[in-house]
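Down below is the structure, laid out as structure tokens.
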Amino acid sequence: MLGRYNERPVDEVADQSILAIDLGGTQIRAAHVSPDLTVSCRRALETHDEEGVEAVIDRICAAARAVREDAQRAGLADPVGIGISSPGPLDPWRGVILATPNLAGWVNIPLAARVEEAVGLPAYLERDTNAAVMGEWRYGAAKGADDVIYVTISTGVGGGLVLDGRPLIGKDGTAGEIGHMTVDIDGPLCGDGQPGHAEAIGSGRAIAREGRALLKRGEAPGLAALAADAEVDAELVARAADAGDAACQRVLDSAWVAIGAMCASLVNALNPEVIVLGGSIGCNRPELPSAIRAEIDRRAFPAPAQRVRLEMTQFAGDVSLIGLLPIVNERMTDPSYAKEHA
């Protein structure tokens with residue numbers, strides 16, 4: 001069994017508009033999404049999770065109300081429900097964020113219920129990468145495939161899975177946390193406190209950490225020049241590498257090998273037809289697909305390695321917003337959710 005809500009394929013037509021919210025560690029985005037995939041009435045604001053859970057929830061609710069009001073003024077169809085994508089782990093059936101390392105203090109937070117009460121529409125919570133794979137599988141780069149992996153490389157590393165034409169959620173709603181696969185048993189600690197995860201080496205947070213370590217040791221003169229006027233983040237490390245800083249280039253090379261090794265393990269374990277790459281880093285480093293392909297060819301069995309194709313996300317930053325469209329439309333009539341939102 002793949003998970004309670006997806007005991008049957010998600011193949012209904014998503015024919016009703018929704019209000020979509022994407023909660024990230026840096027930004028909250030909200031928009032009206034129509035059945036023709038038009039994303040409109042956009043709102044975006046900084047998350048500022050350092051101000052506390054209640055302040056962030058207030059911002060989410062304010063953004064959702066503003067989008068609904070904007071849609072009404074524009075004469076758009078009133079959304080039938082709200083979809084919320086969020087970093088995990090979370091419980092999608094109860095709409096509760098369990099404990100995400102990307103948001104400080106978010107432990108057992110009933111986010112769906114809070115938003116539902118504030119906006120007056122039924123609300124459904126899903127992990128951001130599960131929403132993303134739904135968007136690409138139903139409408140985008142993986143349309144028509146039965147076995148799909150969505151990989152996001154950004155501040156963290158995450159994934160969403162579709163196997164045999166069904167989204168894989170898992171009994172605890174945690175299936176697809178691919179960034180926490182171990183790729184180096186003696187590697188650096190991940191945000192969840194465990195060593196050697198792909199996220200601990202290949203994520204934006206990890207790249208920034210290694211860049212700061214290079215500066216501390218005086219080993220990255222190109223980065224040091226750039227850091228005089230800017231904070232050291234993954235983008236700055238990449239800029240230094242592109243400008244010829246060899247130490248920064250080695251950091252990127254190690255990151256791409258970690259992501260590639262993770263993907264190769266997934267190819268061996270799941271035999272996917274398509275791996276879709278997304279995320280702020282995944283979409284902006286042109287060398288990444290070829291680096292991942294090289295590791296798959298090097299590490300995976302020949303037959304599944306030859307079968308799998310790598311694709312870039314079709315919807316880029318809107319992928320989670322669009323992916324919420326079929327999720328909300330299905331859950332409106334799914335007894336697993338209707339009972340718990342009654």
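Residues are referred to by chain and number: the chain letter is A, B, ... according to the order shown in the structure tokens, the number counts from 1 in that chain, and ligands are numbered separately from 1 in the order shown.
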I'd like the neighbourhood of A:Arg127 as a ChimeraX atom specification, where a residue qualifies if any of its atoms comes within 10 Å (using only C-alpha atoms), though same-chain residues fewer than 6 positions away should be ignored. /A:22-23,84-92,97,158-160,169,173-174,176-177,320
Each residue of stretch 304-333 of chain A with at least one atom at most 9 Å from stretch 133-146 of chain A should appear once, together with its nearest atom pair and the corresponding distance in Å (one decimal); atoms considered: only C-alpha atoms; ordering: chain, then increasing residue number; output as JSON lines.
{"residue": "A:Glu311", "atom": "CA", "partner": "A:Ala141", "partner_atom": "CA", "distance": 6.4}
{"residue": "A:Met312", "atom": "CA", "partner": "A:Ala141", "partner_atom": "CA", "distance": 7.0}
{"residue": "A:Thr313", "atom": "CA", "partner": "A:Ala141", "partner_atom": "CA", "distance": 6.0}
{"residue": "A:Gln314", "atom": "CA", "partner": "A:Gly140", "partner_atom": "CA", "distance": 5.4}
{"residue": "A:Phe315", "atom": "CA", "partner": "A:Gly140", "partner_atom": "CA", "distance": 7.1}
{"residue": "A:Val319", "atom": "CA", "partner": "A:Gly135", "partner_atom": "CA", "distance": 5.8}
{"residue": "A:Ser320", "atom": "CA", "partner": "A:Gly135", "partner_atom": "CA", "distance": 6.8}
{"residue": "A:Leu321", "atom": "CA", "partner": "A:Gly135", "partner_atom": "CA", "distance": 8.1}
{"residue": "A:Ile322", "atom": "CA", "partner": "A:Gly135", "partner_atom": "CA", "distance": 5.6}
{"residue": "A:Gly323", "atom": "CA", "partner": "A:Gly135", "partner_atom": "CA", "distance": 3.7}
{"residue": "A:Leu324", "atom": "CA", "partner": "A:Gly135", "partner_atom": "CA", "distance": 7.4}
{"residue": "A:Leu325", "atom": "CA", "partner": "A:Gly135", "partner_atom": "CA", "distance": 8.1}
{"residue": "A:Pro326", "atom": "CA", "partner": "A:Met134", "partner_atom": "CA", "distance": 7.7}
{"residue": "A:Ile327", "atom": "CA", "partner": "A:Met134", "partner_atom": "CA", "distance": 7.9}
DSSP says alpha helix (DSSP H) for which residues of stretch 100-257 of chain A? Put them as a VMD selection string? chain A and resid 111 to 119 128 to 138 199 to 202 204 to 217 221 to 227 234 to 242 246 to 257
Might you pull out every residue within 8 Å of stretch 209-220 of chain A, with only C-alpha atoms counted and same-chain residues fewer than 2 positions away left off, and present them as number ranges by chain? A: 205-207, 222-224, 232-234, 237, 245-248, 251
Mind writing the picked residues with C-alpha atoms as a PDB file, in the first residue's frame?
ATOM      1  CA  ARG A 205      23.298  25.009   3.150  1.00  0.00           C
ATOM      2  CA  ALA A 206      26.163  22.497   2.903  1.00  0.00           C
ATOM      3  CA  ILE A 207      27.898  24.383   0.104  1.00  0.00           C
ATOM      4  CA  GLY A 222      38.477  34.291  -4.943  1.00  0.00           C
ATOM      5  CA  LEU A 223      35.707  33.732  -2.441  1.00  0.00           C
ATOM      6  CA  ALA A 224      37.427  36.006   0.079  1.00  0.00           C
ATOM      7  CA  VAL A 232      28.767  33.655   2.139  1.00  0.00           C
ATOM      8  CA  ASP A 233      25.996  31.509   0.732  1.00  0.00           C
ATOM      9  CA  ALA A 234      25.867  28.807  -1.950  1.00  0.00           C
ATOM     10  CA  VAL A 237      30.576  30.012  -3.541  1.00  0.00           C
ATOM     11  CA  ASP A 245      38.530  29.725  -7.425  1.00  0.00           C
ATOM     12  CA  ALA A 246      39.743  26.128  -7.464  1.00  0.00           C
ATOM     13  CA  ALA A 247      38.849  25.394  -3.833  1.00  0.00           C
ATOM     14  CA  CYS A 248      35.261  26.509  -4.378  1.00  0.00           C
ATOM     15  CA  VAL A 251      33.235  22.085  -3.078  1.00  0.00           C
TER      16      VAL A 251
END
Those of stretch 213-309 of chain A in DSSP strand (DSSP E), formatted as a list in words: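 So, restricting stretch 213-309 of chain A to strand (DSSP E), we get Val274, Ile275, Val276, Leu277, Gly278 and Arg309 of chain A.
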Compile the contact shell of A:Ala200 as a short mmCIF file (atom, residue, chain, number, x, y, z; two decimals) with C-alpha atoms, in the first residue's frame: residues with an atom at most 8 Å away, counting only C-alpha atoms, same-chain residues fewer than 3 positions apart removed.
data_model
loop_
_atom_site.label_atom_id
_atom_site.label_comp_id
_atom_site.auth_asym_id
_atom_site.auth_seq_id
_atom_site.Cartn_x
_atom_site.Cartn_y
_atom_site.Cartn_z
CA GLY A 187 30.50 12.53 6.21
CA PRO A 188 29.43 15.81 7.85
CA LEU A 189 26.38 16.01 10.05
CA CYS A 190 23.06 16.78 8.43
CA GLY A 191 20.47 19.16 9.88
CA PRO A 195 26.20 11.91 9.38
CA GLY A 196 26.80 11.71 5.66
CA HIS A 197 23.38 12.42 4.17
CA SER A 203 22.58 21.21 -0.50
CA ARG A 205 23.30 25.01 3.15
CA ALA A 206 26.16 22.50 2.90
#
Would you mind telling me which residue in A:Ala230, A:Ile201, A:Ala316, A:Ala225 lies nearest to A:Arg250 when using only C-alpha atoms?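 For A:Arg250, the nearest of the candidates is A:Ile201.
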Min atom-atom distance to A:Asp318 from the set A:Ala132, A:Cys283, A:Cys41, A:Glu46, counting only C-alpha atoms, belongs to A:Ala132
Contacts of A:Gly75 at 12 Å (only C-alpha atoms; same-chain gap of 5+ positions) as an MDAnalysis selection string: chainID A and resid 32 40:41 68:70
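Atom CA of A:Ala258 is positioned 17.8 Å from atom CA of A:Gly193.
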Please indicate the distance in Å from atom CA of A:Met181 to atom CA of A:Val267, rounded to one decimal place. 13.2 Å
Might you pull out every residue within 12 Å of A:Leu266, with only C-alpha atoms counted and same-chain residues fewer than 4 positions away left off, and present them as an MDAnalysis selection string? chainID A and resid 147:151 159:161 176:179 181:183 259:262 270:275 292 295:296 299:301 304:305 308
Using only C-alpha atoms, which of A:Thr152, A:Gln27, A:Asn329, A:Gln16 sits nearest A:Asp78?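 For A:Asp78, the nearest of the candidates is A:Gln16.
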Using only C-alpha atoms, determine which residues lie at most 12 Å from A:Ala55, disregarding the query and same-chain residues fewer than 6 positions distant; provide the list as number ranges by chain. A: 46-49, 61-62, 105-106
Could you write out the selected residues, including C-alpha atoms, as a compact mmCIF listing (two decimals), in the first residue's frame?
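The file below, part_11.txt, is the result:
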# COMPACT_ATOMS: atom_id res chain seq x y z
CA GLU A 46 9.59 36.78 3.81
CA THR A 47 9.06 33.89 6.23
CA HIS A 48 11.16 35.28 9.12
CA ASP A 49 10.78 32.11 11.16
CA CYS A 61 -3.17 33.45 6.76
CA ALA A 62 -2.86 37.10 5.74
CA GLY A 105 10.34 25.60 16.46
CA TRP A 106 7.87 23.94 14.12
